[in-house]
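Worksheet: the structure to be examined is printed underneath.
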Amino acid sequence: MKTSEAFSITQGLAALADPDLADIRRSACKAVEAAHEESPRVFCHVFHEPGFICIAQDFEELDDPFQLGILLHEFGHLATESEKENHADAWVRETLGIPLEYRETLEWVPIEEVQESYRRLVP
């Protein structure tokens, strides 16, 4: 899936739970590329540029469940205003009702659970 599509899906879902997340934008920055080069499991980061999720170029090579899991996790950081991984994960699991897992050290979600979460959250 294209990065833009994964971002649109996850932002739309996150914003249903927290309307402030509708204003978040995506960016490619040198810092996220350097972090990805140093640690190949780093594809995104937040709190570097206010109001943005920075996404590495190689992100688009990931399978869809990883793309969605990673981005939902990053929205979790923003929603909780916390850098703690367990806070971001808990937000995805508890607020969105999506069973986020770690596979190959990366965040992963079942696509059908993302679809089901939309159905639960849409008024």
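Just remember, in the structure tokens the first chain shown is A, the second B, etc., residues are 1-based per chain, and ligands are 1-based in the order shown.
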
Counting only C-alpha atoms, what are the residues of segment 31-62 of chain A within 12 Å of segment 98-107 of chain A, and for each of them which pair of atoms is the nearest and at what distance in Å, to one decimal? Sort the table by chain and rising number, as a Markdown table.
```
| residue | atom | partner | partner_atom | distance |
| --- | --- | --- | --- | --- |
| A:Ser39 | CA | A:Thr105 | CA | 11.4 |
| A:Pro40 | CA | A:Leu106 | CA | 10.2 |
| A:Arg41 | CA | A:Leu106 | CA | 6.6 |
| A:Val42 | CA | A:Leu106 | CA | 8.6 |
| A:Phe43 | CA | A:Leu106 | CA | 9.3 |
| A:Cys44 | CA | A:Leu106 | CA | 11.2 |
| A:Phe59 | CA | A:Leu106 | CA | 11.5 |
| A:Leu62 | CA | A:Leu106 | CA | 10.1 |
```

Generate a file of the selected residues that holds N, CA and C atoms, formatted as a CSV table (one decimal), in the first residue's frame.
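Output contents, as saved in part-v4.csv:
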```csv
chain,number,residue,atom,x,y,z
A,39,SER,N,19.0,1.9,12.8
A,39,SER,CA,18.2,0.8,13.3
A,39,SER,C,17.1,0.5,12.3
A,40,PRO,N,17.3,-0.6,11.5
A,40,PRO,CA,16.3,-0.9,10.5
A,40,PRO,C,14.8,-1.0,10.9
A,41,ARG,N,14.6,-1.2,12.2
A,41,ARG,CA,13.2,-1.4,12.7
A,41,ARG,C,12.5,0.0,12.9
A,42,VAL,N,13.3,1.1,12.8
A,42,VAL,CA,12.7,2.4,13.0
A,42,VAL,C,12.2,2.9,11.6
A,43,PHE,N,10.9,3.1,11.5
A,43,PHE,CA,10.3,3.6,10.2
A,43,PHE,C,9.6,4.9,10.4
A,44,CYS,N,9.3,5.3,11.6
A,44,CYS,CA,8.6,6.5,11.9
A,44,CYS,C,9.0,7.1,13.3
A,59,PHE,N,9.4,2.7,4.4
A,59,PHE,CA,8.1,2.3,5.0
A,59,PHE,C,7.2,1.7,4.0
A,62,LEU,N,7.0,-2.2,3.4
A,62,LEU,CA,6.4,-3.1,4.4
A,62,LEU,C,5.0,-3.6,4.0
```

(message) as an MDAnalysis selection string, please: the residues near Leu71 of chain A (cut-off 12 Å, only C-alpha atoms, same-chain neighbours under 3 positions excluded).
(response) chainID A and resid 3:14 24:26 42:46 52:56 59:60 62 64:68 74:78 88:89 92 100 106:109 114

(request) Choose the residue, out of A:His87, A:Glu94, A:Gln57, A:Ser82, that has the smallest atom-to-atom separation from Lys30 of chain A; count only C-alpha atoms. (result) A:Gln57

(message) Counting only C-alpha atoms, which residue out of A:Tyr118, A:Asp63, A:Leu21, A:His73 sits closest to Asn86 of chain A?
(response) A:His73

(request) Go through chain A and collect every residue that DSSP, computed from the backbone, puts in strand (DSSP E or B); the answer should be as a list in words. (result)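 Answer for chain A, restricted to strand (DSSP E or B): Arg25, Arg26, Ser27, Cys44, His45, Val46, Phe52, Ile53, Cys54, Ile55, Glu101, Tyr102, Arg103, Leu106, Glu107 and Trp108 of chain A.
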
Write the residues of the preceding selection, restricted to C-alpha atoms, as a PDB file, in the first residue's frame.
```pdb
ATOM      1  CA  ARG A  25       0.398  15.612   8.853  1.00  0.00           C
ATOM      2  CA  ARG A  26       3.101  13.314   7.540  1.00  0.00           C
ATOM      3  CA  SER A  27       6.633  14.264   6.667  1.00  0.00           C
ATOM      4  CA  CYS A  44       8.560   6.512  11.918  1.00  0.00           C
ATOM      5  CA  HIS A  45       8.861   8.935  14.769  1.00  0.00           C
ATOM      6  CA  VAL A  46       6.871  11.683  16.431  1.00  0.00           C
ATOM      7  CA  PHE A  52       3.807  15.596  12.173  1.00  0.00           C
ATOM      8  CA  ILE A  53       4.546  11.909  11.947  1.00  0.00           C
ATOM      9  CA  CYS A  54       7.875  11.556  10.160  1.00  0.00           C
ATOM     10  CA  ILE A  55       8.001   8.474   7.923  1.00  0.00           C
ATOM     11  CA  GLU A 101       0.996  -7.171  18.239  1.00  0.00           C
ATOM     12  CA  TYR A 102       4.732  -7.178  17.657  1.00  0.00           C
ATOM     13  CA  ARG A 103       5.958  -9.387  14.837  1.00  0.00           C
ATOM     14  CA  LEU A 106       7.521  -4.312  14.422  1.00  0.00           C
ATOM     15  CA  GLU A 107       3.997  -3.217  15.252  1.00  0.00           C
ATOM     16  CA  TRP A 108       1.394  -5.305  13.386  1.00  0.00           C
TER      17      TRP A 108
END
```

I need the residues in chain A that are alpha helix (DSSP H) according to DSSP; give them as a PDB file with N, CA and C atoms, in the first residue's frame.
```pdb
ATOM      1  N   THR A   3       2.206   4.825   1.085  1.00  0.00           N
ATOM      2  CA  THR A   3       2.286   5.491   2.384  1.00  0.00           C
ATOM      3  C   THR A   3       1.104   6.437   2.575  1.00  0.00           C
ATOM      4  N   SER A   4       0.740   7.154   1.540  1.00  0.00           N
ATOM      5  CA  SER A   4      -0.371   8.109   1.652  1.00  0.00           C
ATOM      6  C   SER A   4      -1.677   7.398   2.007  1.00  0.00           C
ATOM      7  N   GLU A   5      -1.901   6.210   1.448  1.00  0.00           N
ATOM      8  CA  GLU A   5      -3.125   5.470   1.746  1.00  0.00           C
ATOM      9  C   GLU A   5      -3.121   4.958   3.183  1.00  0.00           C
ATOM     10  N   ALA A   6      -1.988   4.392   3.621  1.00  0.00           N
ATOM     11  CA  ALA A   6      -1.885   3.906   5.004  1.00  0.00           C
ATOM     12  C   ALA A   6      -2.085   5.058   5.986  1.00  0.00           C
ATOM     13  N   PHE A   7      -1.510   6.216   5.677  1.00  0.00           N
ATOM     14  CA  PHE A   7      -1.647   7.368   6.560  1.00  0.00           C
ATOM     15  C   PHE A   7      -3.103   7.825   6.611  1.00  0.00           C
ATOM     16  N   SER A   8      -3.755   7.885   5.471  1.00  0.00           N
ATOM     17  CA  SER A   8      -5.157   8.319   5.414  1.00  0.00           C
ATOM     18  C   SER A   8      -6.063   7.382   6.221  1.00  0.00           C
ATOM     19  N   ILE A   9      -5.859   6.080   6.072  1.00  0.00           N
ATOM     20  CA  ILE A   9      -6.667   5.100   6.801  1.00  0.00           C
ATOM     21  C   ILE A   9      -6.470   5.259   8.306  1.00  0.00           C
ATOM     22  N   THR A  10      -5.217   5.304   8.733  1.00  0.00           N
ATOM     23  CA  THR A  10      -4.942   5.349  10.174  1.00  0.00           C
ATOM     24  C   THR A  10      -5.311   6.695  10.776  1.00  0.00           C
ATOM     25  N   GLN A  11      -5.092   7.765  10.049  1.00  0.00           N
ATOM     26  CA  GLN A  11      -5.469   9.077  10.579  1.00  0.00           C
ATOM     27  C   GLN A  11      -6.986   9.181  10.706  1.00  0.00           C
ATOM     28  N   GLY A  12      -7.701   8.690   9.715  1.00  0.00           N
ATOM     29  CA  GLY A  12      -9.160   8.732   9.783  1.00  0.00           C
ATOM     30  C   GLY A  12      -9.684   7.974  10.983  1.00  0.00           C
ATOM     31  N   LEU A  13      -9.111   6.814  11.230  1.00  0.00           N
ATOM     32  CA  LEU A  13      -9.533   6.006  12.376  1.00  0.00           C
ATOM     33  C   LEU A  13      -9.144   6.671  13.692  1.00  0.00           C
ATOM     34  N   ALA A  14      -7.912   7.134  13.785  1.00  0.00           N
ATOM     35  CA  ALA A  14      -7.444   7.789  15.011  1.00  0.00           C
ATOM     36  C   ALA A  14      -8.272   9.037  15.318  1.00  0.00           C
ATOM     37  N   ALA A  15      -8.628   9.783  14.281  1.00  0.00           N
ATOM     38  CA  ALA A  15      -9.393  11.023  14.481  1.00  0.00           C
ATOM     39  C   ALA A  15     -10.824  10.749  14.936  1.00  0.00           C
ATOM     40  N   LEU A  16     -11.359   9.575  14.625  1.00  0.00           N
ATOM     41  CA  LEU A  16     -12.684   9.224  15.157  1.00  0.00           C
ATOM     42  C   LEU A  16     -12.638   9.116  16.684  1.00  0.00           C
ATOM     43  N   ALA A  17     -11.516   8.647  17.202  1.00  0.00           N
ATOM     44  CA  ALA A  17     -11.356   8.507  18.651  1.00  0.00           C
ATOM     45  C   ALA A  17     -10.868   9.794  19.306  1.00  0.00           C
ATOM     46  N   LYS A  30      15.183  14.164   7.467  1.00  0.00           N
ATOM     47  CA  LYS A  30      16.505  13.536   7.485  1.00  0.00           C
ATOM     48  C   LYS A  30      16.722  12.729   8.756  1.00  0.00           C
ATOM     49  N   ALA A  31      16.141  13.170   9.853  1.00  0.00           N
ATOM     50  CA  ALA A  31      16.347  12.476  11.135  1.00  0.00           C
ATOM     51  C   ALA A  31      15.744  11.078  11.121  1.00  0.00           C
ATOM     52  N   VAL A  32      14.547  10.910  10.531  1.00  0.00           N
ATOM     53  CA  VAL A  32      13.941   9.579  10.504  1.00  0.00           C
ATOM     54  C   VAL A  32      14.706   8.668   9.541  1.00  0.00           C
ATOM     55  N   GLU A  33      15.228   9.232   8.462  1.00  0.00           N
ATOM     56  CA  GLU A  33      16.035   8.420   7.541  1.00  0.00           C
ATOM     57  C   GLU A  33      17.321   7.957   8.230  1.00  0.00           C
ATOM     58  N   ALA A  34      17.953   8.847   8.985  1.00  0.00           N
ATOM     59  CA  ALA A  34      19.175   8.483   9.720  1.00  0.00           C
ATOM     60  C   ALA A  34      18.874   7.432  10.788  1.00  0.00           C
ATOM     61  N   ALA A  35      17.737   7.599  11.484  1.00  0.00           N
ATOM     62  CA  ALA A  35      17.354   6.630  12.519  1.00  0.00           C
ATOM     63  C   ALA A  35      17.081   5.263  11.895  1.00  0.00           C
ATOM     64  N   HIS A  36      16.445   5.241  10.724  1.00  0.00           N
ATOM     65  CA  HIS A  36      16.157   3.981  10.033  1.00  0.00           C
ATOM     66  C   HIS A  36      17.454   3.321   9.554  1.00  0.00           C
ATOM     67  N   GLU A  37      18.371   4.120   9.096  1.00  0.00           N
ATOM     68  CA  GLU A  37      19.659   3.575   8.650  1.00  0.00           C
ATOM     69  C   GLU A  37      20.425   2.968   9.822  1.00  0.00           C
ATOM     70  N   GLU A  38      20.352   3.622  10.966  1.00  0.00           N
ATOM     71  CA  GLU A  38      21.036   3.136  12.167  1.00  0.00           C
ATOM     72  C   GLU A  38      20.345   1.909  12.758  1.00  0.00           C
ATOM     73  N   ASP A  64       1.077  -4.409   4.411  1.00  0.00           N
ATOM     74  CA  ASP A  64       0.016  -3.535   4.923  1.00  0.00           C
ATOM     75  C   ASP A  64      -0.225  -3.650   6.437  1.00  0.00           C
ATOM     76  N   PRO A  65      -0.293  -4.863   7.021  1.00  0.00           N
ATOM     77  CA  PRO A  65      -0.548  -4.932   8.472  1.00  0.00           C
ATOM     78  C   PRO A  65       0.543  -4.260   9.312  1.00  0.00           C
ATOM     79  N   PHE A  66       1.779  -4.255   8.809  1.00  0.00           N
ATOM     80  CA  PHE A  66       2.859  -3.561   9.514  1.00  0.00           C
ATOM     81  C   PHE A  66       2.713  -2.053   9.348  1.00  0.00           C
ATOM     82  N   GLN A  67       2.415  -1.601   8.140  1.00  0.00           N
ATOM     83  CA  GLN A  67       2.234  -0.168   7.926  1.00  0.00           C
ATOM     84  C   GLN A  67       1.139   0.386   8.837  1.00  0.00           C
ATOM     85  N   LEU A  68       0.006  -0.302   8.868  1.00  0.00           N
ATOM     86  CA  LEU A  68      -1.111   0.167   9.686  1.00  0.00           C
ATOM     87  C   LEU A  68      -0.774   0.102  11.172  1.00  0.00           C
ATOM     88  N   GLY A  69      -0.113  -0.967  11.594  1.00  0.00           N
ATOM     89  CA  GLY A  69       0.259  -1.107  13.003  1.00  0.00           C
ATOM     90  C   GLY A  69       1.228  -0.037  13.455  1.00  0.00           C
ATOM     91  N   ILE A  70       2.226   0.221  12.637  1.00  0.00           N
ATOM     92  CA  ILE A  70       3.229   1.237  12.994  1.00  0.00           C
ATOM     93  C   ILE A  70       2.581   2.613  13.080  1.00  0.00           C
ATOM     94  N   LEU A  71       1.775   2.964  12.087  1.00  0.00           N
ATOM     95  CA  LEU A  71       1.153   4.294  12.111  1.00  0.00           C
ATOM     96  C   LEU A  71       0.150   4.443  13.248  1.00  0.00           C
ATOM     97  N   LEU A  72      -0.647   3.409  13.512  1.00  0.00           N
ATOM     98  CA  LEU A  72      -1.573   3.501  14.648  1.00  0.00           C
ATOM     99  C   LEU A  72      -0.800   3.676  15.948  1.00  0.00           C
ATOM    100  N   HIS A  73       0.316   2.980  16.086  1.00  0.00           N
ATOM    101  CA  HIS A  73       1.174   3.128  17.261  1.00  0.00           C
ATOM    102  C   HIS A  73       1.651   4.583  17.381  1.00  0.00           C
ATOM    103  N   GLU A  74       2.078   5.179  16.268  1.00  0.00           N
ATOM    104  CA  GLU A  74       2.550   6.575  16.307  1.00  0.00           C
ATOM    105  C   GLU A  74       1.413   7.528  16.663  1.00  0.00           C
ATOM    106  N   PHE A  75       0.219   7.278  16.122  1.00  0.00           N
ATOM    107  CA  PHE A  75      -0.930   8.097  16.533  1.00  0.00           C
ATOM    108  C   PHE A  75      -1.209   7.906  18.023  1.00  0.00           C
ATOM    109  N   GLY A  76      -0.951   6.717  18.535  1.00  0.00           N
ATOM    110  CA  GLY A  76      -1.100   6.459  19.963  1.00  0.00           C
ATOM    111  C   GLY A  76      -0.171   7.318  20.802  1.00  0.00           C
ATOM    112  N   HIS A  77       1.064   7.495  20.324  1.00  0.00           N
ATOM    113  CA  HIS A  77       1.988   8.395  21.032  1.00  0.00           C
ATOM    114  C   HIS A  77       1.410   9.804  21.092  1.00  0.00           C
ATOM    115  N   LEU A  78       0.892  10.261  19.957  1.00  0.00           N
ATOM    116  CA  LEU A  78       0.351  11.625  19.903  1.00  0.00           C
ATOM    117  C   LEU A  78      -0.900  11.771  20.757  1.00  0.00           C
ATOM    118  N   ALA A  79      -1.763  10.764  20.713  1.00  0.00           N
ATOM    119  CA  ALA A  79      -3.004  10.824  21.495  1.00  0.00           C
ATOM    120  C   ALA A  79      -2.730  10.846  22.991  1.00  0.00           C
ATOM    121  N   THR A  80      -1.734  10.076  23.417  1.00  0.00           N
ATOM    122  CA  THR A  80      -1.418   9.991  24.847  1.00  0.00           C
ATOM    123  C   THR A  80      -0.397  11.039  25.279  1.00  0.00           C
ATOM    124  N   GLU A  85       6.348   3.482  24.882  1.00  0.00           N
ATOM    125  CA  GLU A  85       5.797   2.539  23.909  1.00  0.00           C
ATOM    126  C   GLU A  85       4.521   1.877  24.427  1.00  0.00           C
ATOM    127  N   ASN A  86       4.522   1.481  25.694  1.00  0.00           N
ATOM    128  CA  ASN A  86       3.342   0.785  26.228  1.00  0.00           C
ATOM    129  C   ASN A  86       2.124   1.700  26.295  1.00  0.00           C
ATOM    130  N   HIS A  87       2.319   3.000  26.442  1.00  0.00           N
ATOM    131  CA  HIS A  87       1.182   3.927  26.436  1.00  0.00           C
ATOM    132  C   HIS A  87       0.572   4.011  25.040  1.00  0.00           C
ATOM    133  N   ALA A  88       1.438   4.099  24.029  1.00  0.00           N
ATOM    134  CA  ALA A  88       0.949   4.162  22.648  1.00  0.00           C
ATOM    135  C   ALA A  88       0.232   2.867  22.276  1.00  0.00           C
ATOM    136  N   ASP A  89       0.816   1.732  22.648  1.00  0.00           N
ATOM    137  CA  ASP A  89       0.201   0.434  22.351  1.00  0.00           C
ATOM    138  C   ASP A  89      -1.149   0.286  23.058  1.00  0.00           C
ATOM    139  N   ALA A  90      -1.205   0.707  24.315  1.00  0.00           N
ATOM    140  CA  ALA A  90      -2.450   0.599  25.084  1.00  0.00           C
ATOM    141  C   ALA A  90      -3.547   1.444  24.447  1.00  0.00           C
ATOM    142  N   ILE A 111      -5.745  -6.540   9.519  1.00  0.00           N
ATOM    143  CA  ILE A 111      -6.504  -5.570   8.715  1.00  0.00           C
ATOM    144  C   ILE A 111      -7.997  -5.646   9.006  1.00  0.00           C
ATOM    145  N   GLU A 112      -8.525  -6.850   9.200  1.00  0.00           N
ATOM    146  CA  GLU A 112      -9.970  -6.966   9.462  1.00  0.00           C
ATOM    147  C   GLU A 112     -10.354  -6.287  10.781  1.00  0.00           C
ATOM    148  N   GLU A 113      -9.440  -6.226  11.736  1.00  0.00           N
ATOM    149  CA  GLU A 113      -9.723  -5.532  13.007  1.00  0.00           C
ATOM    150  C   GLU A 113      -9.727  -4.018  12.816  1.00  0.00           C
ATOM    151  N   VAL A 114      -8.921  -3.519  11.893  1.00  0.00           N
ATOM    152  CA  VAL A 114      -8.949  -2.093  11.569  1.00  0.00           C
ATOM    153  C   VAL A 114     -10.308  -1.748  10.969  1.00  0.00           C
ATOM    154  N   GLN A 115     -10.771  -2.589  10.052  1.00  0.00           N
ATOM    155  CA  GLN A 115     -12.090  -2.370   9.445  1.00  0.00           C
ATOM    156  C   GLN A 115     -13.198  -2.434  10.497  1.00  0.00           C
ATOM    157  N   GLU A 116     -13.106  -3.391  11.398  1.00  0.00           N
ATOM    158  CA  GLU A 116     -14.116  -3.536  12.456  1.00  0.00           C
ATOM    159  C   GLU A 116     -14.095  -2.330  13.400  1.00  0.00           C
ATOM    160  N   SER A 117     -12.919  -1.810  13.686  1.00  0.00           N
ATOM    161  CA  SER A 117     -12.812  -0.638  14.550  1.00  0.00           C
ATOM    162  C   SER A 117     -13.520   0.560  13.916  1.00  0.00           C
ATOM    163  N   TYR A 118     -13.368   0.735  12.606  1.00  0.00           N
ATOM    164  CA  TYR A 118     -14.101   1.799  11.909  1.00  0.00           C
ATOM    165  C   TYR A 118     -15.599   1.644  12.124  1.00  0.00           C
ATOM    166  N   ARG A 119     -16.092   0.425  11.950  1.00  0.00           N
ATOM    167  CA  ARG A 119     -17.538   0.188  12.116  1.00  0.00           C
ATOM    168  C   ARG A 119     -18.009   0.534  13.530  1.00  0.00           C
ATOM    169  N   ARG A 120     -17.184   0.218  14.534  1.00  0.00           N
ATOM    170  CA  ARG A 120     -17.558   0.523  15.927  1.00  0.00           C
ATOM    171  C   ARG A 120     -17.535   2.009  16.218  1.00  0.00           C
ATOM    172  N   LEU A 121     -16.586   2.733  15.624  1.00  0.00           N
ATOM    173  CA  LEU A 121     -16.388   4.137  15.979  1.00  0.00           C
ATOM    174  C   LEU A 121     -17.200   5.110  15.160  1.00  0.00           C
TER     175      LEU A 121
END
```
